[in-house]
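Below is one structure, written out as structure tokens, with a few remarks after it.
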Amino acid sequence: MHFFSQLIQKNSVVIAVVIALGALHAWMARYAMNPDGISYLDLGDAFWRDGIGAIVNAHWSPLYPALIGSAMALINPSLFFEFPLVHAINFLIYLSAFGAWFFLFRSLAQWMGIASSYHRTWHFFGIILS
């Protein structure tokens, strides 16, 4: 646990920048949606209207429309706020993916016994790649 607290302190700026960039992207594009996003919205509606069979197919992933459909059913936004809600869901997925990546990288660094300055260099490299 001591290693993790040191890692968070040393990389808090990097973590803050990653979160801020993700939030900025979600905010700037909150009213934009591509055709695939519209299809996922339709599948999310179908999930609550017709059940799980409506979203299982060979083209679209069923988990993402289930998440969107569940959020739509719980929050019940107006049409004006449907796109921002999807972007909020995407931001939460982004944070989850970054948290998983950070945990993986921390675990690998711990396993390999990487020194902290070397670790920070690879941490920045990993963020650039992601």
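We name chains A, B, ... following the order of the structure tokens; residues begin at 1 in each chain, and ligands are numbered from 1 as shown.
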
DSSP-assigned alpha helix (DSSP H) members of region 47-87 of chain A, reported as a list in words: Phe47, Trp48, Arg49, Asp50, Leu63, Tyr64, Pro65, Ala66, Leu67, Ile68, Gly69, Ser70, Ala71, Met72, Ala73, Leu74, Ile75, Glu82, Phe83, Pro84, Leu85, Val86 and His87 of chain A

Store the residues of this selection in a file with N, CA, C and O atoms, as a PDB file, in the first residue's frame.
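And here is the file that came out, again_7.pdb:
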ATOM      1  N   PHE A  47     -33.567  -2.416 -25.793  1.00  0.00           N
ATOM      2  CA  PHE A  47     -33.251  -3.272 -24.653  1.00  0.00           C
ATOM      3  C   PHE A  47     -34.357  -3.204 -23.614  1.00  0.00           C
ATOM      4  O   PHE A  47     -34.797  -4.231 -23.081  1.00  0.00           O
ATOM      5  N   TRP A  48     -34.839  -2.005 -23.306  1.00  0.00           N
ATOM      6  CA  TRP A  48     -35.896  -1.880 -22.297  1.00  0.00           C
ATOM      7  C   TRP A  48     -37.277  -2.173 -22.859  1.00  0.00           C
ATOM      8  O   TRP A  48     -38.170  -2.571 -22.131  1.00  0.00           O
ATOM      9  N   ARG A  49     -37.458  -1.970 -24.131  1.00  0.00           N
ATOM     10  CA  ARG A  49     -38.764  -2.216 -24.739  1.00  0.00           C
ATOM     11  C   ARG A  49     -38.987  -3.697 -25.040  1.00  0.00           C
ATOM     12  O   ARG A  49     -40.049  -4.249 -24.741  1.00  0.00           O
ATOM     13  N   ASP A  50     -37.956  -4.384 -25.615  1.00  0.00           N
ATOM     14  CA  ASP A  50     -38.136  -5.746 -26.105  1.00  0.00           C
ATOM     15  C   ASP A  50     -37.315  -6.801 -25.370  1.00  0.00           C
ATOM     16  O   ASP A  50     -37.428  -7.981 -25.673  1.00  0.00           O
ATOM     17  N   LEU A  63     -23.283  -5.031 -24.423  1.00  0.00           N
ATOM     18  CA  LEU A  63     -23.080  -4.392 -23.120  1.00  0.00           C
ATOM     19  C   LEU A  63     -23.273  -2.875 -23.185  1.00  0.00           C
ATOM     20  O   LEU A  63     -23.940  -2.297 -22.327  1.00  0.00           O
ATOM     21  N   TYR A  64     -22.728  -2.246 -24.205  1.00  0.00           N
ATOM     22  CA  TYR A  64     -22.829  -0.788 -24.303  1.00  0.00           C
ATOM     23  C   TYR A  64     -24.280  -0.318 -24.467  1.00  0.00           C
ATOM     24  O   TYR A  64     -24.704   0.596 -23.755  1.00  0.00           O
ATOM     25  N   PRO A  65     -25.085  -0.934 -25.347  1.00  0.00           N
ATOM     26  CA  PRO A  65     -26.490  -0.510 -25.402  1.00  0.00           C
ATOM     27  C   PRO A  65     -27.246  -0.802 -24.098  1.00  0.00           C
ATOM     28  O   PRO A  65     -28.154  -0.060 -23.733  1.00  0.00           O
ATOM     29  N   ALA A  66     -26.858  -1.872 -23.403  1.00  0.00           N
ATOM     30  CA  ALA A  66     -27.505  -2.160 -22.120  1.00  0.00           C
ATOM     31  C   ALA A  66     -27.177  -1.063 -21.103  1.00  0.00           C
ATOM     32  O   ALA A  66     -28.051  -0.642 -20.336  1.00  0.00           O
ATOM     33  N   LEU A  67     -25.931  -0.585 -21.108  1.00  0.00           N
ATOM     34  CA  LEU A  67     -25.558   0.524 -20.221  1.00  0.00           C
ATOM     35  C   LEU A  67     -26.331   1.798 -20.579  1.00  0.00           C
ATOM     36  O   LEU A  67     -26.857   2.480 -19.697  1.00  0.00           O
ATOM     37  N   ILE A  68     -26.387   2.094 -21.864  1.00  0.00           N
ATOM     38  CA  ILE A  68     -27.100   3.290 -22.303  1.00  0.00           C
ATOM     39  C   ILE A  68     -28.589   3.171 -21.989  1.00  0.00           C
ATOM     40  O   ILE A  68     -29.204   4.096 -21.458  1.00  0.00           O
ATOM     41  N   GLY A  69     -29.164   2.025 -22.312  1.00  0.00           N
ATOM     42  CA  GLY A  69     -30.586   1.823 -22.042  1.00  0.00           C
ATOM     43  C   GLY A  69     -30.909   1.890 -20.562  1.00  0.00           C
ATOM     44  O   GLY A  69     -31.933   2.453 -20.165  1.00  0.00           O
ATOM     45  N   SER A  70     -30.035   1.341 -19.730  1.00  0.00           N
ATOM     46  CA  SER A  70     -30.255   1.390 -18.278  1.00  0.00           C
ATOM     47  C   SER A  70     -30.187   2.822 -17.766  1.00  0.00           C
ATOM     48  O   SER A  70     -31.017   3.228 -16.943  1.00  0.00           O
ATOM     49  N   ALA A  71     -29.198   3.587 -18.242  1.00  0.00           N
ATOM     50  CA  ALA A  71     -29.097   4.984 -17.819  1.00  0.00           C
ATOM     51  C   ALA A  71     -30.305   5.785 -18.291  1.00  0.00           C
ATOM     52  O   ALA A  71     -30.835   6.619 -17.551  1.00  0.00           O
ATOM     53  N   MET A  72     -30.756   5.525 -19.510  1.00  0.00           N
ATOM     54  CA  MET A  72     -31.933   6.231 -20.022  1.00  0.00           C
ATOM     55  C   MET A  72     -33.178   5.889 -19.195  1.00  0.00           C
ATOM     56  O   MET A  72     -34.003   6.757 -18.909  1.00  0.00           O
ATOM     57  N   ALA A  73     -33.307   4.622 -18.811  1.00  0.00           N
ATOM     58  CA  ALA A  73     -34.468   4.217 -18.027  1.00  0.00           C
ATOM     59  C   ALA A  73     -34.408   4.786 -16.613  1.00  0.00           C
ATOM     60  O   ALA A  73     -35.450   5.175 -16.058  1.00  0.00           O
ATOM     61  N   LEU A  74     -33.226   4.861 -16.033  1.00  0.00           N
ATOM     62  CA  LEU A  74     -33.092   5.379 -14.668  1.00  0.00           C
ATOM     63  C   LEU A  74     -33.259   6.891 -14.604  1.00  0.00           C
ATOM     64  O   LEU A  74     -33.936   7.407 -13.708  1.00  0.00           O
ATOM     65  N   ILE A  75     -32.644   7.596 -15.545  1.00  0.00           N
ATOM     66  CA  ILE A  75     -32.638   9.055 -15.491  1.00  0.00           C
ATOM     67  C   ILE A  75     -33.803   9.662 -16.258  1.00  0.00           C
ATOM     68  O   ILE A  75     -34.326  10.705 -15.888  1.00  0.00           O
ATOM     69  N   GLU A  82     -30.252  13.643 -23.991  1.00  0.00           N
ATOM     70  CA  GLU A  82     -29.856  12.259 -24.278  1.00  0.00           C
ATOM     71  C   GLU A  82     -28.385  12.169 -24.697  1.00  0.00           C
ATOM     72  O   GLU A  82     -27.655  11.317 -24.208  1.00  0.00           O
ATOM     73  N   PHE A  83     -27.953  13.033 -25.591  1.00  0.00           N
ATOM     74  CA  PHE A  83     -26.560  12.991 -26.043  1.00  0.00           C
ATOM     75  C   PHE A  83     -25.587  13.304 -24.899  1.00  0.00           C
ATOM     76  O   PHE A  83     -24.596  12.591 -24.732  1.00  0.00           O
ATOM     77  N   PRO A  84     -25.839  14.356 -24.096  1.00  0.00           N
ATOM     78  CA  PRO A  84     -24.927  14.588 -22.965  1.00  0.00           C
ATOM     79  C   PRO A  84     -24.888  13.410 -21.979  1.00  0.00           C
ATOM     80  O   PRO A  84     -23.822  13.127 -21.415  1.00  0.00           O
ATOM     81  N   LEU A  85     -25.997  12.720 -21.801  1.00  0.00           N
ATOM     82  CA  LEU A  85     -25.980  11.553 -20.919  1.00  0.00           C
ATOM     83  C   LEU A  85     -25.095  10.454 -21.484  1.00  0.00           C
ATOM     84  O   LEU A  85     -24.322   9.821 -20.748  1.00  0.00           O
ATOM     85  N   VAL A  86     -25.165  10.231 -22.785  1.00  0.00           N
ATOM     86  CA  VAL A  86     -24.299   9.229 -23.414  1.00  0.00           C
ATOM     87  C   VAL A  86     -22.833   9.626 -23.261  1.00  0.00           C
ATOM     88  O   VAL A  86     -21.979   8.779 -22.979  1.00  0.00           O
ATOM     89  N   HIS A  87     -22.532  10.907 -23.408  1.00  0.00           N
ATOM     90  CA  HIS A  87     -21.154  11.352 -23.231  1.00  0.00           C
ATOM     91  C   HIS A  87     -20.707  11.215 -21.776  1.00  0.00           C
ATOM     92  O   HIS A  87     -19.528  10.930 -21.517  1.00  0.00           O
TER      93      HIS A  87
END

Can you tell me how far CA of Ser61 (chain A) sits from CA of Gly37 (chain A), in Å to one decimal?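 Interatomic distance, CA of Ser61 (chain A) to CA of Gly37 (chain A): 12.2 Å.
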